[in-house]
file protein.txt (compact mmCIF, C-alpha atoms)
# COMPACT_ATOMS: atom_id res chain seq x y z
CA MET J 15 -43.06 -2.14 -74.03
CA LYS J 16 -46.39 -0.29 -73.92
CA ALA J 17 -48.17 -3.59 -73.41
CA MET J 18 -45.99 -4.39 -70.41
CA VAL J 19 -46.64 -0.97 -68.83
CA GLY J 20 -50.37 -1.39 -69.45
CA LEU J 21 -50.32 -4.86 -67.89
CA VAL J 22 -48.43 -3.63 -64.80
CA ILE J 23 -50.88 -0.72 -64.37
CA ALA J 24 -53.86 -3.06 -64.72
CA ILE J 25 -52.45 -5.45 -62.12
CA LEU J 26 -51.72 -2.51 -59.82
CA ILE J 27 -55.28 -1.20 -60.17
CA ILE J 28 -56.76 -4.64 -59.44
CA PHE J 29 -54.48 -5.06 -56.42
CA ILE J 30 -55.37 -1.62 -55.01
CA ALA J 31 -59.09 -2.21 -55.61
CA ASN J 32 -58.95 -5.52 -53.71
CA LEU J 33 -56.88 -4.01 -50.92
CA PHE J 34 -58.95 -0.91 -50.28
CA TRP J 35 -62.45 -1.99 -51.34
CA PRO J 36 -64.72 -2.31 -48.29
CA SER J 37 -65.59 -5.87 -47.41
CA ASN J 38 -68.82 -7.23 -45.99
CA GLN J 39 -67.21 -9.43 -43.34
CA ALA J 40 -68.16 -7.16 -40.44
CA SER J 41 -71.74 -6.77 -41.60
CA ASP J 42 -71.96 -10.54 -42.18
CA ARG J 43 -70.91 -11.14 -38.55
CA ASN J 44 -73.46 -8.61 -37.27
CA LEU J 45 -76.21 -10.17 -39.39
CA SER J 46 -75.41 -13.69 -38.17
CA SER J 47 -75.46 -12.58 -34.52
CA LYS J 48 -78.71 -10.71 -35.07
CA GLN J 49 -80.21 -13.76 -36.75
CA ASP J 50 -79.26 -15.85 -33.73
CA THR J 51 -81.07 -13.41 -31.44
CA LEU J 52 -84.02 -13.26 -33.85
CA GLU J 53 -84.42 -16.99 -33.45
CA GLN J 54 -84.83 -16.31 -29.72
CA GLY J 55 -87.84 -14.08 -30.45
CA GLU J 56 -86.57 -10.48 -30.77
CA SER J 57 -87.13 -8.22 -33.76
CA ILE J 58 -84.35 -6.61 -35.80
CA GLU J 59 -85.27 -3.15 -34.51
CA ASP J 60 -85.06 -4.28 -30.87
CA VAL J 61 -81.64 -5.81 -31.41
CA THR J 62 -80.33 -2.75 -33.28
CA ASN J 63 -81.68 -0.33 -30.67
CA ARG J 64 -80.25 -2.40 -27.83
CA ASP J 65 -76.81 -2.52 -29.48
CA VAL J 66 -76.78 1.26 -30.04
CA ILE J 67 -77.93 2.01 -26.48
CA LEU J 68 -75.41 -0.36 -24.91
CA SER J 69 -72.46 1.03 -26.86
CA SER J 70 -73.41 4.66 -26.17
CA ASP J 71 -73.95 3.97 -22.45
CA LEU J 72 -70.57 2.29 -22.10
CA ASN J 73 -68.75 5.13 -23.83
CA ALA J 74 -70.60 7.86 -21.96
CA ALA J 75 -69.90 6.35 -18.54
CA SER J 76 -66.20 5.90 -19.19
CA ASP J 77 -65.93 9.39 -20.70
CA ASP J 78 -67.63 10.97 -17.69
CA GLU J 79 -65.40 9.05 -15.31
CA LYS J 80 -62.30 10.01 -17.31
CA ILE J 81 -63.30 13.68 -17.21
CA LYS J 82 -63.83 13.55 -13.44
CA LEU J 83 -60.46 11.88 -12.90
CA MET J 84 -58.71 14.36 -15.17
CA THR J 85 -60.40 17.32 -13.47
CA ALA J 86 -59.35 16.08 -10.03
CA GLU J 87 -55.79 15.51 -11.20
CA TYR J 88 -55.69 18.90 -12.91
CA GLU J 89 -56.65 20.61 -9.64
CA ILE J 90 -53.60 19.00 -8.05
CA LEU J 91 -51.52 20.25 -10.99
CA GLU J 92 -52.82 23.80 -10.49
CA LYS J 93 -51.88 23.69 -6.79
CA GLU J 94 -48.39 22.45 -7.65
CA ARG J 95 -47.96 25.21 -10.23
CA LYS J 96 -49.13 27.80 -7.73
CA ASN J 97 -46.64 26.54 -5.14
CA LEU J 98 -43.84 26.55 -7.72
CA LYS J 99 -44.69 30.11 -8.73
CA ARG J 100 -44.63 31.25 -5.11
CA ARG J 101 -41.34 29.50 -4.51
CA LEU J 102 -39.76 31.09 -7.58
CA SER J 103 -40.96 34.53 -6.53
CA ARG J 104 -39.57 34.03 -3.04
CA LEU J 105 -36.19 32.93 -4.40
CA LYS J 106 -36.03 35.94 -6.74
CA HIS J 107 -36.65 38.15 -3.73
CA ASP J 108 -33.94 36.38 -1.71
CA MET J 109 -31.45 36.67 -4.59
CA TRP J 110 -32.00 40.42 -5.01
CA GLY J 111 -28.76 42.35 -4.59
CA GLN J 112 -26.54 39.35 -3.92
CA LYS J 113 -23.34 38.61 -5.78
CA PHE J 114 -22.53 35.07 -6.88
CA ALA J 115 -19.59 33.38 -8.56
CA PRO J 116 -20.07 33.21 -12.35
CA GLU J 117 -20.38 29.40 -12.42
CA THR J 118 -22.85 29.40 -9.55
CA ALA J 119 -24.84 32.25 -11.09
CA LYS J 120 -25.04 30.46 -14.42
CA LYS J 121 -26.19 27.23 -12.76
CA MET J 122 -28.80 29.06 -10.68
CA SER J 123 -30.03 31.00 -13.68
CA GLU J 124 -30.45 27.83 -15.72
CA ILE J 125 -32.44 26.11 -12.96
CA MET J 126 -34.64 29.14 -12.40
CA LEU J 127 -35.33 29.61 -16.13
CA ASN J 128 -36.21 25.94 -16.64
CA SER J 129 -38.57 26.09 -13.67
CA HIS J 130 -40.10 29.31 -14.91
CA LYS J 131 -40.81 27.73 -18.33
CA LEU J 132 -43.19 25.28 -16.65
CA ILE J 133 -45.42 28.05 -15.31
CA LYS J 134 -44.94 30.72 -17.97
CA ASN J 135 -47.53 29.38 -20.42
CA PRO J 136 -49.19 26.41 -18.69
CA ASP J 137 -51.21 23.79 -20.51
CA MET J 138 -54.91 23.94 -19.74
CA LEU J 139 -57.07 20.91 -18.97
CA GLY J 140 -58.06 20.42 -22.61
CA ALA J 141 -54.44 20.08 -23.67
CA PHE J 142 -54.13 16.75 -21.88
CA SER J 143 -55.51 13.58 -23.41
CA SER J 144 -55.35 11.41 -20.31
CA VAL J 145 -54.70 11.39 -16.59
CA LYS J 146 -51.22 10.05 -17.33
CA GLY J 147 -50.32 13.26 -19.18
CA ILE J 148 -51.38 15.36 -16.20
CA GLN J 149 -49.40 13.13 -13.82
CA ASP J 150 -46.33 13.54 -16.03
CA GLU J 151 -46.71 17.33 -15.81
CA ILE J 152 -47.00 17.11 -12.01
CA ALA J 153 -43.80 15.03 -11.96
CA LYS J 154 -42.03 17.75 -13.99
CA ILE J 155 -43.13 20.40 -11.52
CA LYS J 156 -42.02 18.33 -8.52
CA PHE J 157 -38.64 17.84 -10.19
CA ALA J 158 -38.40 21.60 -10.70
CA GLU J 159 -39.17 22.11 -7.01
CA THR J 160 -36.36 19.78 -5.99
CA SER J 161 -34.03 21.64 -8.36
CA ILE J 162 -35.10 24.93 -6.81
CA GLU J 163 -34.19 23.52 -3.40
CA GLU J 164 -30.59 23.43 -4.63
CA VAL J 165 -30.84 27.11 -5.60
CA SER J 166 -32.24 27.89 -2.16
CA GLN J 167 -29.27 26.16 -0.52
CA LEU J 168 -26.84 28.13 -2.71
CA ILE J 169 -28.54 31.39 -1.69
CA GLU J 170 -28.35 30.48 2.00
CA ALA J 171 -24.69 29.55 1.66
CA ASN J 172 -24.01 32.87 -0.10
CA LYS J 173 -25.82 34.80 2.64
CA LYS J 174 -23.70 33.09 5.29
CA THR J 175 -20.44 33.76 3.46
CA SER J 176 -21.36 37.38 2.69
CA GLY J 177 -22.49 37.84 6.29
CA GLU J 178 -19.13 36.63 7.59
CA THR J 179 -17.16 38.98 5.33
CA ASP J 180 -19.19 42.07 6.30
call {"tool": "encode", "arguments": {"input": "protein.txt", "output": "C-alpha cells"}}
result
Amino acid sequence: MKAMVGLVIAILIIFIANLFWPSNQASDRNLSSKQDTLEQGESIEDVTNRDVILSSDLNAASDDEKIKLMTAEYEILEKERKNLKRRLSRLKHDMWGQKFAPETAKKMSEIMLNSHKLIKNPDMLGAFSSVKGIQDEIAKIKFAETSIEEVSQLIEANKKTSGETD
C-alpha cells in the first residue's frame, strides 16, 4: 500500500515537473532567427538592440494613442455627467411642493435615484481600461437622461392637472 502511494506521488511529481518546467522552445526560435540575420552580416548586439527598440516603440505609440482616445472620450463623459446633474437638479426644483399619486411617486423616485447613482461617485479616467468602457458609461448616462424625460413629462402632466383643479 505504501509502495503504491509512493509510486503515485513520484509519477505526480514527474508530471508536474514536466508540465511547469520552463522550456527552451521560445529561446530556440529567437536564436534561429538571430542566426539567420547574422548570416546576413549583423552582429548579435545589433539584432538584440533592434528587437528591443522595435517592440518598445510599437507599445509606446499604441499606448499614447490609447491614452489620447480615452482622454477625449472621457471629456465627453464629463460633459454628459454635468448635463445629467443639471437636469436632475432642475427636476428636483420642479418637483418641489407637488403632490403625486403613490405609484407615480414611487416610479419617479426610482428613476431619479438610479440616475443620481451615476453621478454620485463617478469613476475617474484611471478606472477605465479602454475606450469601450467609457463609451458604455456614456450609454448609461444617455439612458438615464431618456428615463428622466419620462419624469419630466409626469411633472408637466401633474402641473397641468393641479393647475386645472386650483
call {"tool": "atom_distance", "arguments": {"input": "protein.txt", "atom1": "atom CA of J:Gln149", "atom2": "atom CA of J:Tyr88"}}
result
8.6 Å
call {"tool": "closest_residue", "arguments": {"input": "protein.txt", "among": "J:Ile125, J:Leu91, J:Val19, J:Ile133", "to": "J:Ser166", "atoms": "all atoms listed in the file"}}
result
J:Ile125
call {"tool": "closest_residue", "arguments": {"input": "protein.txt", "among": "J:His107, J:Leu33, J:Met122, J:Ile81", "to": "J:Gly140", "atoms": "all atoms listed in the file"}}
result
J:Ile81
call {"tool": "closest_residue", "arguments": {"input": "protein.txt", "among": "J:Val165, J:Ala31, J:Leu132, J:Val22", "to": "J:Asp108", "atoms": "only C-alpha atoms"}}
result
J:Val165
call {"tool": "closest_residue", "arguments": {"input": "protein.txt", "among": "J:Ser123, J:Asn135, J:Ser143, J:Ser76", "to": "J:Leu105", "atoms": "only C-alpha atoms"}}
result
J:Ser123
call {"tool": "closest_residue", "arguments": {"input": "protein.txt", "among": "J:Leu168, J:Leu127, J:Met18, J:Ile90", "to": "J:Glu151", "atoms": "all atoms listed in the file"}}
result
J:Ile90
call {"tool": "atom_distance", "arguments": {"input": "protein.txt", "atom1": "atom CA of J:Phe114", "atom2": "atom CA of J:Ser176"}}
result
9.9 Å
call {"tool": "atom_distance", "arguments": {"input": "protein.txt", "atom1": "atom CA of J:Met84", "atom2": "atom CA of J:Ile148"}}
result
7.5 Å
call {"tool": "residues_around", "arguments": {"input": "protein.txt", "residues": "J:Glu124", "least_positions_apart": "5", "cutoff": "12 Å", "atoms": "only C-alpha atoms", "output": "JSON, numbers by chain"}}
result
{"J": [117, 118, 119, 129, 130, 131, 158, 161, 162, 164, 165]}
call {"tool": "residues_around", "arguments": {"input": "protein.txt", "residues": "J:Lys156", "least_positions_apart": "4", "cutoff": "8 Å", "atoms": "all atoms listed in the file", "output": "VMD selection string"}}
result
chain J and resid 94 152 160
call {"tool": "closest_residue", "arguments": {"input": "protein.txt", "among": "J:Ile23, J:Leu83, J:Ala141, J:Met126", "to": "J:Ser103", "atoms": "only C-alpha atoms"}}
result
J:Met126
call {"tool": "decode", "arguments": {"input": "protein.txt", "residues": "stretch 96-109 of chain J", "atoms": "N, CA and C atoms", "output": "PDB file, in the first residue's frame"}}
result
ATOM      1  N   LYS J  96     -22.243  66.186 -16.407  1.00  0.00           N
ATOM      2  CA  LYS J  96     -22.593  67.546 -16.000  1.00  0.00           C
ATOM      3  C   LYS J  96     -24.022  67.881 -16.440  1.00  0.00           C
ATOM      4  N   ASN J  97     -24.367  67.505 -17.673  1.00  0.00           N
ATOM      5  CA  ASN J  97     -25.724  67.745 -18.158  1.00  0.00           C
ATOM      6  C   ASN J  97     -26.757  66.956 -17.354  1.00  0.00           C
ATOM      7  N   LEU J  98     -26.419  65.717 -17.026  1.00  0.00           N
ATOM      8  CA  LEU J  98     -27.332  64.890 -16.222  1.00  0.00           C
ATOM      9  C   LEU J  98     -27.533  65.505 -14.839  1.00  0.00           C
ATOM     10  N   LYS J  99     -26.460  65.980 -14.255  1.00  0.00           N
ATOM     11  CA  LYS J  99     -26.548  66.594 -12.923  1.00  0.00           C
ATOM     12  C   LYS J  99     -27.429  67.839 -12.965  1.00  0.00           C
ATOM     13  N   ARG J 100     -27.247  68.656 -13.985  1.00  0.00           N
ATOM     14  CA  ARG J 100     -28.089  69.854 -14.130  1.00  0.00           C
ATOM     15  C   ARG J 100     -29.551  69.479 -14.303  1.00  0.00           C
ATOM     16  N   ARG J 101     -29.773  68.463 -15.119  1.00  0.00           N
ATOM     17  CA  ARG J 101     -31.148  68.044 -15.386  1.00  0.00           C
ATOM     18  C   ARG J 101     -31.810  67.510 -14.118  1.00  0.00           C
ATOM     19  N   LEU J 102     -31.070  66.732 -13.348  1.00  0.00           N
ATOM     20  CA  LEU J 102     -31.616  66.219 -12.085  1.00  0.00           C
ATOM     21  C   LEU J 102     -31.936  67.354 -11.118  1.00  0.00           C
ATOM     22  N   SER J 103     -31.048  68.315 -11.036  1.00  0.00           N
ATOM     23  CA  SER J 103     -31.282  69.454 -10.141  1.00  0.00           C
ATOM     24  C   SER J 103     -32.514  70.233 -10.566  1.00  0.00           C
ATOM     25  N   ARG J 104     -32.663  70.419 -11.865  1.00  0.00           N
ATOM     26  CA  ARG J 104     -33.821  71.155 -12.380  1.00  0.00           C
ATOM     27  C   ARG J 104     -35.120  70.401 -12.075  1.00  0.00           C
ATOM     28  N   LEU J 105     -35.103  69.075 -12.238  1.00  0.00           N
ATOM     29  CA  LEU J 105     -36.305  68.302 -11.958  1.00  0.00           C
ATOM     30  C   LEU J 105     -36.644  68.307 -10.474  1.00  0.00           C
ATOM     31  N   LYS J 106     -35.627  68.270  -9.615  1.00  0.00           N
ATOM     32  CA  LYS J 106     -35.889  68.360  -8.170  1.00  0.00           C
ATOM     33  C   LYS J 106     -36.564  69.685  -7.839  1.00  0.00           C
ATOM     34  N   HIS J 107     -36.092  70.737  -8.489  1.00  0.00           N
ATOM     35  CA  HIS J 107     -36.687  72.057  -8.270  1.00  0.00           C
ATOM     36  C   HIS J 107     -38.141  72.075  -8.754  1.00  0.00           C
ATOM     37  N   ASP J 108     -38.392  71.495  -9.914  1.00  0.00           N
ATOM     38  CA  ASP J 108     -39.750  71.469 -10.461  1.00  0.00           C
ATOM     39  C   ASP J 108     -40.690  70.607  -9.623  1.00  0.00           C
ATOM     40  N   MET J 109     -40.164  69.572  -8.975  1.00  0.00           N
ATOM     41  CA  MET J 109     -40.994  68.674  -8.176  1.00  0.00           C
ATOM     42  C   MET J 109     -41.315  69.241  -6.798  1.00  0.00           C
TER      43      MET J 109
END
